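Visitor: Next up, upload-v1.pdb (PDB, C-alpha atoms and all ligand atoms).
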```
ATOM      1  CA  MET A   1     185.606 258.202 -47.858
ATOM      2  CA  ILE A   2     186.331 254.466 -48.242
ATOM      3  CA  CYS A   3     189.167 252.875 -50.199
ATOM      4  CA  PHE A   4     187.610 250.840 -53.019
ATOM      5  CA  ASN A   5     190.512 248.373 -52.650
ATOM      6  CA  CYS A   6     190.774 247.608 -48.927
ATOM      7  CA  LYS A   7     187.250 248.935 -48.025
ATOM      8  CA  ARG A   8     188.620 250.945 -45.156
ATOM      9  CA  GLN A   9     187.730 254.489 -44.120
ATOM     10  CA  ILE A  10     190.272 256.995 -45.511
ATOM     11  CA  PRO A  11     190.443 260.794 -45.402
ATOM     12  CA  ASP A  12     189.039 262.765 -48.300
ATOM     13  CA  ASN A  13     191.322 264.214 -51.011
ATOM     14  CA  VAL A  14     194.337 261.834 -50.492
ATOM     15  CA  PRO A  15     196.064 260.439 -53.646
ATOM     16  CA  ASN A  16     196.626 256.995 -52.145
ATOM     17  CA  CYS A  17     194.996 254.889 -49.557
ATOM     18  CA  PRO A  18     197.079 255.295 -46.396
ATOM     19  CA  ASN A  19     196.195 251.740 -45.519
ATOM     20  CA  CYS A  20     196.816 249.684 -48.652
ATOM     21  CA  GLY A  21     198.571 252.293 -50.799
ATOM     22  CA  ALA A  22     196.104 251.863 -53.678
ATOM     23  CA  PRO A  23     195.719 254.995 -55.820
ATOM     24  CA  ILE A  24     192.558 256.944 -55.166
ATOM     25  CA  VAL A  25     190.565 257.738 -58.285
ATOM     26  CA  PRO A  26     188.105 260.437 -57.355
ATOM     27  CA  HIS A  27     185.256 259.618 -59.819
ATOM     28  CA  GLU A  28     185.507 255.902 -59.093
ATOM     29  CA  GLN A  29     185.721 256.636 -55.444
ATOM     30  CA  ILE A  30     182.663 258.869 -55.682
ATOM     31  CA  GLY A  31     180.709 256.271 -57.739
ATOM     32  CA  GLN A  32     181.718 253.624 -55.240
ATOM     33  CA  GLU A  33     180.718 255.871 -52.435
ATOM     34  CA  ILE A  34     177.387 256.665 -54.038
ATOM     35  CA  ARG A  35     176.605 252.934 -54.490
ATOM     36  CA  VAL A  36     177.639 252.198 -50.958
ATOM     37  CA  ARG A  37     175.528 255.034 -49.651
ATOM     38  CA  ARG A  38     172.586 253.855 -51.785
ATOM     39  CA  TRP A  39     172.875 250.339 -50.437
ATOM     40  CA  GLN A  40     173.191 251.704 -46.979
ATOM     41  CA  ARG A  41     170.081 253.787 -47.508
ATOM     42  CA  TRP A  42     168.104 250.841 -48.894
ATOM     43  CA  ILE A  43     169.249 248.670 -46.072
ATOM     44  CA  PHE A  44     168.218 251.357 -43.660
ATOM     45  CA  TYR A  45     164.830 251.671 -45.361
ATOM     46  CA  VAL A  46     164.325 247.942 -45.295
ATOM     47  CA  ILE A  47     165.346 247.746 -41.666
ATOM     48  CA  PHE A  48     163.142 250.702 -40.853
ATOM     49  CA  ILE A  49     160.184 249.270 -42.716
ATOM     50  CA  VAL A  50     160.698 245.904 -41.146
ATOM     51  CA  MET A  51     160.990 247.472 -37.723
ATOM     52  CA  PHE A  52     157.962 249.665 -38.363
ATOM     53  CA  LEU A  53     155.898 246.772 -39.608
ATOM     54  CA  SER A  54     157.094 244.701 -36.659
ATOM     55  CA  ALA A  55     156.158 247.512 -34.309
ATOM     56  CA  VAL A  56     152.745 247.845 -35.946
ATOM     57  CA  ALA A  57     152.256 244.078 -35.868
ATOM     58  CA  PHE A  58     153.363 244.023 -32.276
ATOM     59  CA  ALA A  59     151.008 246.862 -31.425
ATOM     60  CA  VAL A  60     148.137 245.090 -33.209
ATOM     61  CA  TYR A  61     149.029 241.913 -31.434
ATOM     62  CA  VAL A  62     149.203 243.673 -28.077
ATOM     63  CA  TYR A  63     145.899 245.435 -28.786
ATOM     64  CA  SER A  64     144.319 242.156 -29.814
ATOM     65  CA  GLN A  65     145.634 240.420 -26.720
ATOM     66  CA  ASN A  66     144.470 243.281 -24.558
ATOM     67  CA  THR A  67     141.027 243.190 -26.144
ATOM     68  CA  ALA A  68     140.841 239.415 -25.701
ATOM     69  CA  LEU A  69     142.083 239.771 -22.153
ATOM     70  CA  LEU A  70     139.558 242.513 -21.499
ATOM     71  CA  ASN A  71     136.749 240.398 -22.946
ATOM     72  CA  ALA A  72     137.951 237.435 -20.941
ATOM     73  CA  SER A  73     138.065 239.672 -17.904
ATOM     74  CA  VAL A  74     134.503 240.844 -18.544
ATOM     75  CA  ASP A  75     133.361 237.251 -19.078
ATOM     76  CA  LEU A  76     135.190 236.200 -15.956
ATOM     77  CA  LYS A  77     133.614 239.049 -14.051
ATOM     78  CA  ASN A  78     130.193 238.106 -15.340
ATOM     79  CA  SER A  79     130.885 234.501 -14.520
ATOM     80  CA  LEU A  80     132.062 235.464 -11.060
ATOM     81  CA  THR A  81     128.964 237.602 -10.570
ATOM     82  CA  LYS A  82     126.738 234.748 -11.707
ATOM     83  CA  THR A  83     128.625 232.315  -9.505
ATOM     84  CA  GLN A  84     128.332 234.761  -6.635
ATOM     85  CA  ASN A  85     124.598 235.032  -7.233
ATOM     86  CA  ASP A  86     124.298 231.269  -7.450
ATOM     87  CA  LEU A  87     126.312 230.936  -4.283
ATOM     88  CA  THR A  88     124.088 233.464  -2.528
ATOM     89  CA  ALA A  89     120.983 231.637  -3.745
ATOM     90  CA  THR A  90     122.468 228.336  -2.651
ATOM     91  CA  GLN A  91     123.327 229.773   0.742
ATOM     92  CA  THR A  92     119.781 231.113   1.068
ATOM     93  CA  SER A  93     118.398 227.729   0.041
ATOM     94  CA  LEU A  94     120.743 225.972   2.448
ATOM     95  CA  SER A  95     119.667 228.340   5.175
ATOM     96  CA  GLY A  96     116.011 227.467   4.447
ATOM     97  CA  LYS A  97     116.846 223.772   4.317
ATOM     98  CA  ASP A  98     118.714 224.105   7.572
ATOM     99  CA  THR A  99     115.669 225.728   9.150
ATOM    100  CA  GLN A 100     113.442 222.945   7.804
ATOM    101  CA  LEU A 101     115.938 220.369   9.002
ATOM    102  CA  GLN A 102     115.866 221.887  12.466
ATOM    103  CA  GLN A 103     112.056 221.818  12.389
ATOM    104  CA  VAL A 104     112.069 218.177  11.245
ATOM    105  CA  GLN A 105     114.636 217.322  13.903
ATOM    106  CA  GLY A 106     112.380 219.001  16.451
ATOM    107  CA  GLN A 107     109.410 216.970  15.186
ATOM    108  CA  VAL A 108     111.504 213.785  15.213
ATOM    109  CA  THR A 109     112.570 214.530  18.775
ATOM    110  CA  GLN A 110     108.931 215.139  19.731
ATOM    111  CA  LEU A 111     107.881 211.907  17.980
ATOM    112  CA  GLN A 112     110.649 209.984  19.722
ATOM    113  CA  SER A 113     109.474 211.426  23.002
ATOM    114  CA  ASP A 114     105.854 210.486  22.188
ATOM    115  CA  ILE A 115     106.907 206.984  21.093
ATOM    116  CA  ALA A 116     108.896 206.545  24.278
ATOM    117  CA  ALA A 117     105.895 207.669  26.320
ATOM    118  CA  LYS A 118     103.539 205.355  24.405
ATOM    119  CA  GLN A 119     106.016 202.494  24.645
ATOM    120  CA  SER A 120     106.155 203.074  28.378
ATOM    121  CA  LEU A 121     102.347 203.108  28.524
ATOM    122  CA  LEU A 122     102.224 199.993  26.326
ATOM    123  CA  ASP A 123     104.724 198.234  28.583
ATOM    124  CA  GLN A 124     102.626 199.213  31.570
ATOM    125  CA  LYS A 125      99.437 197.929  29.896
ATOM    126  CA  LEU A 126     101.219 194.735  28.838
ATOM    127  CA  ALA A 127     102.368 194.242  32.395
ATOM    128  CA  GLU A 128      98.791 194.784  33.561
ATOM    129  CA  VAL A 129      97.477 192.354  30.908
ATOM    130  CA  GLN A 130     100.083 189.790  31.934
ATOM    131  CA  SER A 131      99.128 190.301  35.546
ATOM    132  CA  ILE A 132      95.423 189.933  34.700
ATOM    133  CA  SER A 133      96.199 186.898  32.543
ATOM    134  CA  GLN A 134      98.160 185.392  35.415
ATOM    135  CA  GLN A 135      95.291 186.131  37.770
ATOM    136  CA  LYS A 136      92.870 184.609  35.253
ATOM    137  CA  ASP A 137      95.044 181.497  34.982
ATOM    138  CA  ASN A 138      95.117 181.259  38.756
ATOM    139  CA  VAL A 139      91.341 181.699  38.970
ATOM    140  CA  MET A 140      90.808 179.138  36.170
ATOM    141  CA  GLN A 141      93.134 176.743  37.968
ATOM    142  CA  GLN A 142      91.183 177.243  41.175
ATOM    143  CA  TYR A 143      87.933 176.871  39.189
ATOM    144  CA  ASP A 144      89.156 173.583  37.716
ATOM    145  CA  GLN A 145      90.137 172.385  41.165
ATOM    146  CA  VAL A 146      86.733 173.372  42.555
ATOM    147  CA  ASN A 147      85.036 171.717  39.580
ATOM    148  CA  SER A 148      87.066 168.591  40.154
ATOM    149  CA  VAL A 149      86.092 168.594  43.818
ATOM    150  CA  LEU A 150      82.459 169.283  42.915
ATOM    151  CA  SER A 151      82.492 166.416  40.403
ATOM    152  CA  VAL A 152      83.773 164.087  43.087
ATOM    153  CA  VAL A 153      81.210 165.451  45.546
ATOM    154  CA  ASN A 154      78.430 165.117  42.978
ATOM    155  CA  ALA A 155      79.497 161.596  42.093
ATOM    156  CA  ASN A 156      79.622 160.687  45.757
ATOM    157  CA  THR A 157      76.281 162.359  46.344
ATOM    158  CA  PHE A 158      74.748 160.549  43.380
ATOM    159  CA  ASN A 159      76.148 157.257  44.618
ATOM    160  CA  SER A 160      74.654 158.050  48.002
ATOM    161  CA  LEU A 161      71.348 158.820  46.310
ATOM    162  CA  ILE A 162      71.538 155.501  44.511
ATOM    163  CA  GLN A 163      72.281 153.795  47.787
ATOM    164  CA  MET A 164      69.341 155.554  49.423
ATOM    165  CA  GLY A 165      67.115 155.162  46.351
ATOM    166  CA  VAL A 166      64.411 152.621  45.838
ATOM    167  CA  PRO A 167      65.209 150.142  43.026
ATOM    168  CA  MET A 168      62.350 149.993  40.554
ATOM    169  CA  SER A 169      61.594 148.220  37.291
ATOM    170  CA  PHE A 170      60.510 149.852  34.011
ATOM    171  CA  LYS A 171      57.019 148.454  34.546
ATOM    172  CA  ASP A 172      56.550 150.137  37.930
ATOM    173  CA  LEU A 173      58.214 153.336  36.815
ATOM    174  CA  ALA A 174      55.714 153.497  33.959
ATOM    175  CA  ARG A 175      52.879 153.696  36.535
ATOM    176  CA  ILE A 176      54.126 157.123  37.685
ATOM    177  CA  PRO A 177      53.404 160.223  35.501
ATOM    178  CA  VAL A 178      56.449 161.876  33.960
ATOM    179  CA  ALA A 179      57.160 165.565  34.723
ATOM    180  CA  ASP A 180      58.486 167.795  31.956
ATOM    181  CA  PHE A 181      61.684 168.531  33.835
ATOM    182  CA  ASN A 182      65.366 168.053  32.973
ATOM    183  CA  LEU A 183      64.446 165.746  30.086
ATOM    184  CA  GLY A 184      66.412 167.707  27.461
ATOM    185  CA  ALA A 185      69.544 168.474  29.505
ATOM    186  CA  GLY A 186      72.596 167.218  27.609
ATOM    187  CA  THR A 187      73.042 165.998  24.065
ATOM    188  CA  ASP A 188      69.788 165.521  22.115
ATOM    189  CA  SER A 189      70.837 163.862  18.844
ATOM    190  CA  ASP A 190      67.356 163.699  17.237
ATOM    191  CA  GLY A 191      66.145 167.036  18.626
ATOM    192  CA  ASP A 192      62.879 165.678  20.075
ATOM    193  CA  GLY A 193      63.389 167.325  23.481
ATOM    194  CA  LEU A 194      64.657 164.175  25.179
ATOM    195  CA  SER A 195      68.380 163.987  25.833
ATOM    196  CA  ASN A 196      70.184 160.811  24.764
ATOM    197  CA  LEU A 197      70.421 159.902  28.456
ATOM    198  CA  ALA A 198      66.660 160.417  28.907
ATOM    199  CA  GLU A 199      66.025 158.335  25.748
ATOM    200  CA  ALA A 200      68.019 155.515  27.359
ATOM    201  CA  ALA A 201      65.813 155.832  30.471
ATOM    202  CA  PHE A 202      62.654 155.490  28.347
ATOM    203  CA  GLY A 203      64.117 152.873  25.970
ATOM    204  CA  THR A 204      63.486 155.087  22.903
ATOM    205  CA  ASP A 205      65.757 155.516  19.863
ATOM    206  CA  PRO A 206      68.064 158.525  20.475
ATOM    207  CA  LEU A 207      68.333 158.979  16.701
ATOM    208  CA  LYS A 208      64.567 159.015  15.970
ATOM    209  CA  ALA A 209      62.392 161.834  17.283
ATOM    210  CA  ASP A 210      59.328 159.636  16.821
ATOM    211  CA  THR A 211      60.451 156.113  17.743
ATOM    212  CA  ASP A 212      57.103 154.349  17.134
ATOM    213  CA  GLY A 213      56.296 156.377  14.018
ATOM    214  CA  ASP A 214      52.821 157.495  15.144
ATOM    215  CA  GLY A 215      53.346 161.180  14.363
ATOM    216  CA  TYR A 216      54.041 162.265  17.950
ATOM    217  CA  THR A 217      57.520 162.842  19.284
ATOM    218  CA  ASP A 218      58.864 160.714  22.078
ATOM    219  CA  LYS A 219      58.764 163.631  24.528
ATOM    220  CA  GLN A 220      55.187 164.536  23.635
ATOM    221  CA  GLU A 221      54.182 160.969  24.426
ATOM    222  CA  VAL A 222      56.053 160.422  27.708
ATOM    223  CA  ILE A 223      54.861 163.640  29.387
ATOM    224  CA  SER A 224      51.278 162.949  28.185
ATOM    225  CA  GLY A 225      51.266 159.405  29.520
ATOM    226  CA  PHE A 226      51.531 157.642  26.181
ATOM    227  CA  ASP A 227      53.928 154.839  25.338
ATOM    228  CA  PRO A 228      56.565 156.159  22.873
ATOM    229  CA  LEU A 229      57.363 152.579  21.859
ATOM    230  CA  SER A 230      53.806 151.721  20.756
ATOM    231  CA  LYS A 231      51.368 153.378  18.399
ATOM    232  CA  THR A 232      48.392 152.167  20.446
ATOM    233  CA  ASN A 233      49.320 151.869  24.118
ATOM    234  CA  LYS A 234      49.395 154.315  27.033
ATOM    235  CA  TYR A 235      51.545 154.052  30.126
ATOM    236  CA  PRO A 236      49.664 152.211  32.879
ATOM    237  CA  ILE A 237      49.425 155.315  35.033
ATOM    238  CA  ASP A 238      48.470 154.493  38.642
ATOM    239  CA  LEU A 239      47.983 157.666  40.686
ATOM    240  CA  LYS A 240      47.615 155.764  43.954
ATOM    241  CA  PHE A 241      50.883 153.980  43.363
ATOM    242  CA  ALA A 242      52.502 157.293  42.381
ATOM    243  CA  ALA A 243      51.261 158.891  45.589
ATOM    244  CA  SER A 244      52.742 156.028  47.596
ATOM    245  CA  GLN A 245      56.175 156.823  46.135
ATOM    246  CA  LYS A 246      56.166 160.583  46.761
ATOM    247  CA  GLY A 247      59.360 162.019  48.163
ATOM    248  CA  LYS A 248      61.382 158.966  47.151
ATOM    249  CA  ILE A 249      64.412 158.602  44.910
ATOM    250  CA  LEU A 250      63.722 155.838  42.412
ATOM    251  CA  ILE A 251      66.521 153.973  40.658
ATOM    252  CA  SER A 252      65.854 152.315  37.311
ATOM    253  CA  VAL A 253      67.427 148.905  37.896
ATOM    254  CA  GLN A 254      66.650 147.741  34.329
ATOM    255  CA  GLY A 255      68.291 150.748  32.797
ATOM    256  CA  GLN A 256      71.589 152.437  33.512
ATOM    257  CA  ASN A 257      70.797 153.403  37.107
ATOM    258  CA  GLU A 258      69.002 156.533  35.979
ATOM    259  CA  ALA A 259      67.512 158.273  38.997
ATOM    260  CA  TRP A 260      64.026 159.733  39.357
ATOM    261  CA  TYR A 261      62.556 161.790  42.133
ATOM    262  CA  VAL A 262      58.822 161.637  42.934
ATOM    263  CA  ASN A 263      57.907 165.180  43.828
ATOM    264  CA  PRO A 264      55.322 165.356  46.661
ATOM    265  CA  LYS A 265      53.920 168.501  45.085
ATOM    266  CA  ASP A 266      52.419 166.665  42.084
ATOM    267  CA  ASN A 267      53.394 163.008  42.560
ATOM    268  CA  LYS A 268      55.152 163.007  39.211
ATOM    269  CA  ARG A 269      58.602 161.562  38.625
ATOM    270  CA  TYR A 270      61.398 164.031  37.848
ATOM    271  CA  PHE A 271      64.384 162.929  35.835
ATOM    272  CA  LEU A 272      67.654 163.508  37.687
ATOM    273  CA  GLY A 273      69.919 162.461  34.802
ATOM    274  CA  ARG A 274      73.666 162.192  35.073
ATOM    275  CA  PRO A 275      75.544 161.925  38.377
ATOM    276  CA  ALA A 276      77.130 165.348  37.846
ATOM    277  CA  ASP A 277      73.715 166.912  37.306
ATOM    278  CA  ALA A 278      71.744 164.926  39.862
ATOM    279  CA  VAL A 279      72.140 167.247  42.862
ATOM    280  CA  LYS A 280      71.443 170.359  40.785
ATOM    281  CA  ALA A 281      68.465 168.667  39.158
ATOM    282  CA  LEU A 282      67.172 167.541  42.547
ATOM    283  CA  GLU A 283      67.405 171.112  43.834
ATOM    284  CA  GLY A 284      65.506 172.257  40.749
ATOM    285  CA  THR A 285      62.570 169.980  41.510
ATOM    286  CA  GLN A 286      61.874 172.040  44.645
ATOM    287  CA  LYS A 287      61.340 175.149  42.535
ATOM    288  CA  VAL A 288      58.931 173.601  40.046
ATOM    289  CA  SER A 289      55.369 174.863  40.042
ATOM    290  CA  THR A 290      52.863 172.011  39.941
ATOM    291  CA  SER A 291      50.680 173.989  37.553
ATOM    292  CA  SER A 292      53.345 173.903  34.828
ATOM    293  CA  PRO A 293      54.265 172.762  32.323
ATOM    294  CA  ALA A 294      51.004 172.639  30.439
ATOM    295  CA  ALA A 295      49.992 169.134  29.482
ATOM    296  CA  ILE A 296      50.682 168.167  25.886
ATOM    297  CA  THR A 297      47.625 166.606  24.323
ATOM    298  CA  VAL A 298      47.841 163.826  21.789
ATOM    299  CA  PRO A 299      44.272 163.823  20.459
ATOM    300  CA  ALA A 300      44.802 161.775  17.343
ATOM    301  CA  LYS A 301      46.399 158.801  19.019
ATOM    302  CA  GLN A 302      44.194 155.710  19.195
ATOM    303  CA  ILE A 303      44.531 154.136  22.632
ATOM    304  CA  THR A 304      43.760 150.589  23.542
ATOM    305  CA  THR A 305      42.106 150.956  26.956
ATOM    306  CA  THR A 306      41.399 147.361  27.826
ATOM    307  CA  PRO A 307      43.320 146.146  30.904
ATOM    308  CA  ALA A 308      44.517 143.178  28.917
ATOM    309  CA  ALA A 309      46.068 145.419  26.304
ATOM    310  CA  ALA A 310      47.676 147.626  28.929
ATOM    311  CA  SER A 311      49.129 144.728  30.805
ATOM    312  CA  SER A 312      50.562 143.340  27.606
ATOM    313  CA  VAL A 313      53.061 146.173  27.473
ATOM    314  CA  GLN A 314      56.535 144.909  28.278
ATOM    315  CA  TYR A 315      58.925 147.204  30.203
TER
HETATM  316 CA    CA A 401      66.288 162.835  21.718
HETATM  317 CA    CA A 402      55.653 158.550  18.775
END
```
Would you mind giving the structure from this file in structure tokens?

Guide:
Amino acid sequence: MICFNCKRQIPDNVPNCPNCGAPIVPHEQIGQEIRVRRWQRWIFYVIFIVMFLSAVAFAVYVYSQNTALLNASVDLKNSLTKTQNDLTATQTSLSGKDTQLQQVQGQVTQLQSDIAAKQSLLDQKLAEVQSISQQKDNVMQQYDQVNSVLSVVNANTFNSLIQMGVPMSFKDLARIPVADFNLGAGTDSDGDGLSNLAEAAFGTDPLKADTDGDGYTDKQEVISGFDPLSKTNKYPIDLKFAASQKGKILISVQGQNEAWYVNPKDNKRYFLGRPADAVKALEGTQKVSTSSPAAITVPAKQITTTPAAASSVQY
């Protein structure tokens, strides 16, 4: 029992509180005790309820956390499984890529080897080409030297021919038939078959194929015995005179020292042309057949045949 005055625990059935000496009134003490016990009971209930509710809330909370943790664990496991699968797939892919890379590296190595071999072959061919080019340059240099020497020899030979040749005027040259030989060698500006050099030897216009305008080209006329400078006259061909000159080198003293050779085979005069071509041309006259070329006829040309007319031609 508790003293209602000092609130201390006291033994039951004592008349006064042994602590404070206050008189103990049983019914008040009992009422006090009952209220105290009631409050104690309510406090206990409240504490119990609060503790129970706290325990329930804590259990719910723990269950919720466990569930969330379990779900998170499952998700994490799934995620790990997926990641593991992805990793396996990636490793497989990497393994395939690595195999391809090794194959490509093998091909690259093979290509590098092939390129090196081809480069070596190319270098070898280039060296051969350079060697051949060098040899060609040497040969061309020797050819130029030989040509230079030949030009000098030809010029000297032609000068010798001129020295040995018989000087002759246009008038006497015109008495000897013209052979169709070497007349077109060199530049032929008007395309009539006579080179510009041959035109100078005949006195014709190198820029007019038909100098006298009679319808026949200069070459057609000279090898047929007609005068290319006159529409009416022929050359004063003299076969006896031509025969007397056979085998001789004739030099046109009124021209530019053009040389002619009277071939004994046909007693016609062969044009020797330029100094550089003279020796070659002279050699060519020995191969000419006297039956060729065929004579070119000039049927339409009107010829004045009187000696007076022929002698009036000026060469
Ligand atoms: Ca010409
Ligand atoms: Ca003519």

Visitor: Name the residues within 10 Å of (65.6, 167.9, 31.1), counting only C-alpha atoms in the file's coordinates, and put them as a list of chain:residue names.

Guide: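 Selection result: A:Ala179, A:Asp180, A:Phe181, A:Asn182, A:Leu183, A:Gly184, A:Ala185, A:Gly186, A:Gly193, A:Leu194, A:Ser195, A:Leu197, A:Ala198, A:Tyr270, A:Phe271, A:Leu272, A:Gly273, A:Ala281.
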
Visitor: Just the selected residues (C-alpha atoms), exported as a PDB file, in the coordinates of the input, please.

Guide:
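And here is the file that came out, result-v5.pdb:
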```
ATOM      1  CA  ALA A 179      57.160 165.565  34.723  1.00  0.00           C
ATOM      2  CA  ASP A 180      58.486 167.795  31.956  1.00  0.00           C
ATOM      3  CA  PHE A 181      61.684 168.531  33.835  1.00  0.00           C
ATOM      4  CA  ASN A 182      65.366 168.053  32.973  1.00  0.00           C
ATOM      5  CA  LEU A 183      64.446 165.746  30.086  1.00  0.00           C
ATOM      6  CA  GLY A 184      66.412 167.707  27.461  1.00  0.00           C
ATOM      7  CA  ALA A 185      69.544 168.474  29.505  1.00  0.00           C
ATOM      8  CA  GLY A 186      72.596 167.218  27.609  1.00  0.00           C
ATOM      9  CA  GLY A 193      63.389 167.325  23.481  1.00  0.00           C
ATOM     10  CA  LEU A 194      64.657 164.175  25.179  1.00  0.00           C
ATOM     11  CA  SER A 195      68.380 163.987  25.833  1.00  0.00           C
ATOM     12  CA  LEU A 197      70.421 159.902  28.456  1.00  0.00           C
ATOM     13  CA  ALA A 198      66.660 160.417  28.907  1.00  0.00           C
ATOM     14  CA  TYR A 270      61.398 164.031  37.848  1.00  0.00           C
ATOM     15  CA  PHE A 271      64.384 162.929  35.835  1.00  0.00           C
ATOM     16  CA  LEU A 272      67.654 163.508  37.687  1.00  0.00           C
ATOM     17  CA  GLY A 273      69.919 162.461  34.802  1.00  0.00           C
ATOM     18  CA  ALA A 281      68.465 168.667  39.158  1.00  0.00           C
TER      19      ALA A 281
END
```

Visitor: Which residue is closest to Glu199 of chain A? Choose from A:Asp212, A:Asp218, A:Asp123, A:Glu33 and count all atoms listed in the file.

Guide: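 Of the candidates, the smallest distance to Glu199 of chain A is held by A:Asp218.
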
Visitor: How would you report the residues lying within 6 Å of ligand CA 402 (chain A), as a PyMOL selection string, if you count all atoms listed in the file?

Guide: chain A and resi 210-218+228

Visitor: Could you state which residues are captured by the PyMOL selection byres (((chain A and resi 158-175) around 7) and not hetatm) in this file, as an MDAnalysis selection string?

Guide: chainID A and resid 154:157 176:177 235:238 242 248:254 275 278 315

Visitor: Grab the atom CA of Asp12 of chain A to atom CA of Gln32 of chain A distance for me, in Å with one decimal place.

Guide: 13.6 Å

Visitor: For the structure provided, state which residues fall under the PyMOL selection byres (((chain A and resi 247) around 6) and not hetatm), and present them as a ChimeraX atom specification.

Guide: /A:246,248,262-264

Visitor: Expressed in Å to a single decimal, how great is the separation between atom CA of Asp205 of chain A and atom CA of ligand CA 401 (chain A)?

Guide: 7.6 Å

Visitor: Looking at all atoms listed in the file, which of A:Lys234, A:Lys268, A:Lys208, A:Lys240 is the one that sits closest to ligand CA 401 (chain A)?

Guide: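 The answer is A:Lys208, which sits nearest to ligand CA 401 (chain A).
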
Visitor: Please measure the separation of atom CA of Tyr45 of chain A and atom CA of Cys6 of chain A, giving the value in Å to one decimal.

Guide: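 One can read the atom CA of Tyr45 of chain A to atom CA of Cys6 of chain A distance as 26.5 Å.
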
Visitor: Choose the residue, out of A:Ala117, A:Ile43, A:Ala201, A:Met1, that has the smallest atom-to-atom separation from ligand CA 401 (chain A); count all atoms listed in the file.

Guide: A:Ala201

Visitor: Evaluating the PyMOL selection byres (((chain A and resi 4) around 9) and not hetatm) on the displayed file yields which residues, as a PyMOL selection string?

Guide: chain A and resi 2-3+5-8+22+24+28-29+32-33

Visitor: Output requested as a JSON list (two decimals), in the frame of the given file - segment 142-156 of chain A, filled out with N, CA and C atoms.

Guide:
```json
[["chain", "number", "residue", "atom", "x", "y", "z"],
["A", 142, "GLN", "N", 92.00, 177.47, 39.98],
["A", 142, "GLN", "CA", 91.18, 177.24, 41.18],
["A", 142, "GLN", "C", 89.79, 176.74, 40.78],
["A", 143, "TYR", "N", 89.25, 177.31, 39.65],
["A", 143, "TYR", "CA", 87.93, 176.87, 39.19],
["A", 143, "TYR", "C", 87.96, 175.40, 38.81],
["A", 144, "ASP", "N", 89.04, 174.99, 38.10],
["A", 144, "ASP", "CA", 89.16, 173.58, 37.72],
["A", 144, "ASP", "C", 89.24, 172.69, 38.95],
["A", 145, "GLN", "N", 90.01, 173.18, 39.94],
["A", 145, "GLN", "CA", 90.14, 172.38, 41.16],
["A", 145, "GLN", "C", 88.78, 172.25, 41.86],
["A", 146, "VAL", "N", 88.06, 173.40, 41.92],
["A", 146, "VAL", "CA", 86.73, 173.37, 42.56],
["A", 146, "VAL", "C", 85.81, 172.47, 41.77],
["A", 147, "ASN", "N", 85.88, 172.57, 40.42],
["A", 147, "ASN", "CA", 85.04, 171.72, 39.58],
["A", 147, "ASN", "C", 85.34, 170.25, 39.82],
["A", 148, "SER", "N", 86.67, 169.97, 39.91],
["A", 148, "SER", "CA", 87.07, 168.59, 40.15],
["A", 148, "SER", "C", 86.50, 168.10, 41.48],
["A", 149, "VAL", "N", 86.62, 168.97, 42.50],
["A", 149, "VAL", "CA", 86.09, 168.59, 43.82],
["A", 149, "VAL", "C", 84.58, 168.42, 43.74],
["A", 150, "LEU", "N", 83.92, 169.37, 43.03],
["A", 150, "LEU", "CA", 82.46, 169.28, 42.92],
["A", 150, "LEU", "C", 82.04, 168.01, 42.19],
["A", 151, "SER", "N", 82.82, 167.64, 41.14],
["A", 151, "SER", "CA", 82.49, 166.42, 40.40],
["A", 151, "SER", "C", 82.57, 165.22, 41.33],
["A", 152, "VAL", "N", 83.63, 165.20, 42.14],
["A", 152, "VAL", "CA", 83.77, 164.09, 43.09],
["A", 152, "VAL", "C", 82.62, 164.10, 44.08],
["A", 153, "VAL", "N", 82.31, 165.33, 44.58],
["A", 153, "VAL", "CA", 81.21, 165.45, 45.55],
["A", 153, "VAL", "C", 79.90, 165.02, 44.91],
["A", 154, "ASN", "N", 79.67, 165.48, 43.66],
["A", 154, "ASN", "CA", 78.43, 165.12, 42.98],
["A", 154, "ASN", "C", 78.35, 163.61, 42.76],
["A", 155, "ALA", "N", 79.49, 163.05, 42.32],
["A", 155, "ALA", "CA", 79.50, 161.60, 42.09],
["A", 155, "ALA", "C", 79.22, 160.85, 43.40],
["A", 156, "ASN", "N", 79.86, 161.34, 44.46],
["A", 156, "ASN", "CA", 79.62, 160.69, 45.76],
["A", 156, "ASN", "C", 78.18, 160.87, 46.19]]
```
